[in-house]
Amino acid sequence: MYPYRHYTQCCWPALPQEVTFMQAEQDKAPFIGAQFFANLNESDEYVEQHFVLMKKMGIRLVRVFLLWAQVESAPDEWDFSLYDRIYNLAAKYELKVLTTLTCEDPPAYLSKKDFYHHHCNLNNPDLQKAAKTYIQKVVGRYAKHPAHYAWSLMNEPEVAIDYGPSTMALFAKWLKEKYKTVAAWNKQWYRPFRHFEDVTINPQDWNMFWMDFKEYIDWQNFVQDNLCMQLSFIRDEIRKYDHNSVTHVHPKALLESSMHTGQQFWKEAEVADTLGASIHPAWDPRFTGDESGKAFACCIDLTRSGADGKPFWVTELQGGPVLGSANRAHTPSPQEFTAYLWDTFGAGGQAVIYWMWHARNMSQEAGDWGIATLDHKPTVRLEASRKVSRILAEQQDFFQNAKREHAKAAIFYNHATEILSSVQKAPGARTPNDPIDSMRAVYYALTEQQVASDFVCASQILRGDLVDYDILYLPYAYALDEDVQDAIADFVRNGGRLWADIPCTLKNSAGEMYLASPHRLAEVFGAHIYEYSSDPDAVIDTDGMKIPGHFCLADIRLESGRAEGSYQNTWFEDRPAIIRNQYGKGQAVLIGTAASLGYAATGNPLYARAITRESADLKSDVLRLRKENRNLIQRVLVTDHKAICILENWGTACETEATIAPQYTKAMELTQGSECSVTGHTLAMQLKRGETVCILLS
């Protein structure tokens, strides 16, 4: 442990050795941390008592906002004493520090604003110049501090939408790289230009029904790239002074369409060493009752999938009660808290960081969000957290070497449809969340059957990642480019399974209609769709199920495919409504209504059955429940000789039996520290309402 003293700038003791960020991740994972917000009126003694409690309660990482306005309140007048105190206390109590840089949130003398947490335009060269000095001062001061661990490039990254000259200059460069010539550009947009530099954007044009689709789509794709440009600028400035620390980004609102602020998880993950997420039930209406577990698990698997093999975290998890600073009053119970932690670590996550340790004593969030009280008392949630920390420490060797059991199902994250859905229909009727809701519904249905799944994006499909899966789901695949369709066809031809509902491949990512649907996948499905229609009374009759039609129906004409269901109560009654086709070594299924959207909107289990019957055999090879239980969420981690199976019960108390793989003969329930009875590879369990069990198999 480093000796504690009030170090001055550049006088930190030398680190024992230089380590790479991946080595640092492996040494510390998994861990639990908390955001420590430095209230300005807190004494040194008061703050230190909080660090004493953090150490006692198993907190291993402290996150801080290094607010630019606090360290440079006037031009070139720097004062780091507040953050020196935090860094030094972290070193004293053997905690590590994740520092969030705030380049987009400059002091008031640079950008007039009412309060902090206001994104400013980082495309502005003047702000970038000032930000370079801020980064140099901060990184140069703390990079070699013994408590330092990682840099968060930007809090909940988003683009400050700006249509001024600096942003238009970057957009012009982006357009030139895409179109090469002005003539090619003019063929796509409904405005004649002479030079790329003439481009202007008026967002009010998009509030009309008739508008330039290509302009809108190009702008939205640019905004996503522009956010990554800004994040890359911050990262590259950090690397001038620090080559070893972990870099980190964490988007928010994962279950909502936020592409208009630049969100694209896969692209952001390419910029930094680690990807995280903000998950706050008080902000998200999808976290209600028994559905909270699936909503959280979906956020976790979106983050993990977006990280694309890199380490992933929950960078902000609601730590305490919220009464007046979110969409609703909400306090996670200790049972929910335990489930959230184990769900993250069971999915292979490396960190959970609470928002926040103790509450702010001013501003909109005053009094909310704390996992510890202002007078240094642990809450029931913090006690639950300490129990998880203890198990992580006891099983550290396992967690550092374990891998999440490989998922056999993949769900397509359709960024092209997400953009089109934000501009289709009349301005007041647009449904930008439809693609995300349909994808979420498929995830929920699979999770309810204890079938693990990943999310995949178009670039992963094009690089051949589908070879790792048994089945691909295409929910609401309204827009799908030809090269992606060809890669999907190859996947099925070589033995994969494909599930899709309608509308399916009507357009490409530029919003251009195909002459036929489902376009290049027609041969894969063995059918053509002649026409789409809607009828609120229609049902699909299949295997004795009457599945309600939702949103749209398809007038399907068979070729090589065979019908497994037919329409009823509609003008094209008895036409085929569910199609199955053998294509090469694989099979494809097409559902003639928007089943995924239907499940998202209504929760009707008939839609879930239509989704999951193609993947019923793809459950865990390690632990498989003998009876279905839609309220149980399962996670499995494996090493060469052991496994940990996590079961979260989000419903009523239940008894369940599971078959475990033959190589395991012993079972220990870690949360209670008790042995489980295993008879003939059968494990019987009783779970209370809200209980999470963590079973070590050996």
# chains A, B, ... in the order shown; residues from 1 in each chain; ligands from 1
>>> residues_around(residues="stretch 231-245 of chain A", least_positions_apart="5", cutoff="9 Å", atoms="only C-alpha atoms", output="ChimeraX atom specification")
/A:18-21,24,101,103,128,131-132,135-136,139-140,143-144,148-151,153-154,157,226,268,271-272
>>> select_by_dssp(residues="stretch 155-278 of chain A", states="helix (DSSP H, G or I)", output="PyMOL selection string")
chain A and resi 165-179+182-186+196-198+203-207+213-239+259-261+265-271
>>> residues_around(residues="A:Ser278", least_positions_apart="6", cutoff="9 Å", atoms="only C-alpha atoms", output="PyMOL selection string")
chain A and resi 156+250-254+314-318+355
>>> write_last_selection(atoms="N, CA, C and O atoms", output="PDB file, in the first residue's frame")
ATOM      1  N   GLU A 156     -21.936   9.696 -20.540  1.00  0.00           N
ATOM      2  CA  GLU A 156     -23.095   9.385 -21.383  1.00  0.00           C
ATOM      3  C   GLU A 156     -22.993  10.116 -22.720  1.00  0.00           C
ATOM      4  O   GLU A 156     -23.743  11.034 -23.019  1.00  0.00           O
ATOM      5  N   HIS A 250     -19.624   5.125 -22.078  1.00  0.00           N
ATOM      6  CA  HIS A 250     -20.840   4.445 -21.635  1.00  0.00           C
ATOM      7  C   HIS A 250     -22.080   5.203 -22.109  1.00  0.00           C
ATOM      8  O   HIS A 250     -22.382   6.276 -21.624  1.00  0.00           O
ATOM      9  N   PRO A 251     -22.800   4.642 -23.084  1.00  0.00           N
ATOM     10  CA  PRO A 251     -24.063   5.248 -23.536  1.00  0.00           C
ATOM     11  C   PRO A 251     -25.175   5.048 -22.510  1.00  0.00           C
ATOM     12  O   PRO A 251     -25.033   4.292 -21.546  1.00  0.00           O
ATOM     13  N   LYS A 252     -26.284   5.746 -22.765  1.00  0.00           N
ATOM     14  CA  LYS A 252     -27.451   5.647 -21.891  1.00  0.00           C
ATOM     15  C   LYS A 252     -28.674   5.281 -22.721  1.00  0.00           C
ATOM     16  O   LYS A 252     -28.610   5.171 -23.943  1.00  0.00           O
ATOM     17  N   ALA A 253     -29.812   5.073 -22.043  1.00  0.00           N
ATOM     18  CA  ALA A 253     -31.104   4.833 -22.706  1.00  0.00           C
ATOM     19  C   ALA A 253     -30.994   3.732 -23.742  1.00  0.00           C
ATOM     20  O   ALA A 253     -31.381   3.898 -24.900  1.00  0.00           O
ATOM     21  N   LEU A 254     -30.511   2.572 -23.322  1.00  0.00           N
ATOM     22  CA  LEU A 254     -30.252   1.488 -24.260  1.00  0.00           C
ATOM     23  C   LEU A 254     -31.517   0.923 -24.893  1.00  0.00           C
ATOM     24  O   LEU A 254     -31.465   0.372 -25.993  1.00  0.00           O
ATOM     25  N   VAL A 314     -21.253  -2.022 -16.181  1.00  0.00           N
ATOM     26  CA  VAL A 314     -22.372  -1.124 -15.913  1.00  0.00           C
ATOM     27  C   VAL A 314     -21.747   0.092 -15.236  1.00  0.00           C
ATOM     28  O   VAL A 314     -21.352   0.031 -14.081  1.00  0.00           O
ATOM     29  N   THR A 315     -21.637   1.175 -15.955  1.00  0.00           N
ATOM     30  CA  THR A 315     -20.920   2.340 -15.465  1.00  0.00           C
ATOM     31  C   THR A 315     -21.772   3.161 -14.513  1.00  0.00           C
ATOM     32  O   THR A 315     -21.236   3.884 -13.664  1.00  0.00           O
ATOM     33  N   GLU A 316     -23.078   3.093 -14.692  1.00  0.00           N
ATOM     34  CA  GLU A 316     -23.996   3.748 -13.758  1.00  0.00           C
ATOM     35  C   GLU A 316     -25.175   2.827 -13.509  1.00  0.00           C
ATOM     36  O   GLU A 316     -25.907   2.479 -14.431  1.00  0.00           O
ATOM     37  N   LEU A 317     -25.345   2.417 -12.262  1.00  0.00           N
ATOM     38  CA  LEU A 317     -26.516   1.658 -11.825  1.00  0.00           C
ATOM     39  C   LEU A 317     -27.179   2.438 -10.707  1.00  0.00           C
ATOM     40  O   LEU A 317     -26.508   2.846  -9.752  1.00  0.00           O
ATOM     41  N   GLN A 318     -28.459   2.656 -10.821  1.00  0.00           N
ATOM     42  CA  GLN A 318     -29.186   3.402  -9.786  1.00  0.00           C
ATOM     43  C   GLN A 318     -28.884   2.825  -8.414  1.00  0.00           C
ATOM     44  O   GLN A 318     -29.170   1.669  -8.121  1.00  0.00           O
ATOM     45  N   TRP A 355     -24.487   4.755  -9.216  1.00  0.00           N
ATOM     46  CA  TRP A 355     -24.783   6.189  -9.250  1.00  0.00           C
ATOM     47  C   TRP A 355     -25.768   6.437  -8.122  1.00  0.00           C
ATOM     48  O   TRP A 355     -26.947   6.153  -8.267  1.00  0.00           O
TER      49      TRP A 355
END
>>> atom_distance(atom1="atom CA of A:Lys377", atom2="atom CA of A:Glu365")
19.3 Å
>>> residues_around(residues="A:Phe345", least_positions_apart="2", cutoff="12 Å", atoms="only C-alpha atoms", output="PyMOL selection string")
chain A and resi 29-32+297+300-301+304+311-314+338-343+347-352+388-389+391-392+396+398-400+402-404+634-637+644-646+694
>>> residues_around(residues="A:His415", least_positions_apart="5", cutoff="12 Å", atoms="only C-alpha atoms", output="MDAnalysis selection string")
chainID A and resid 217 220:221 224 257:260 262:267 420:422 432:436 439 455:459 476:481 508:510
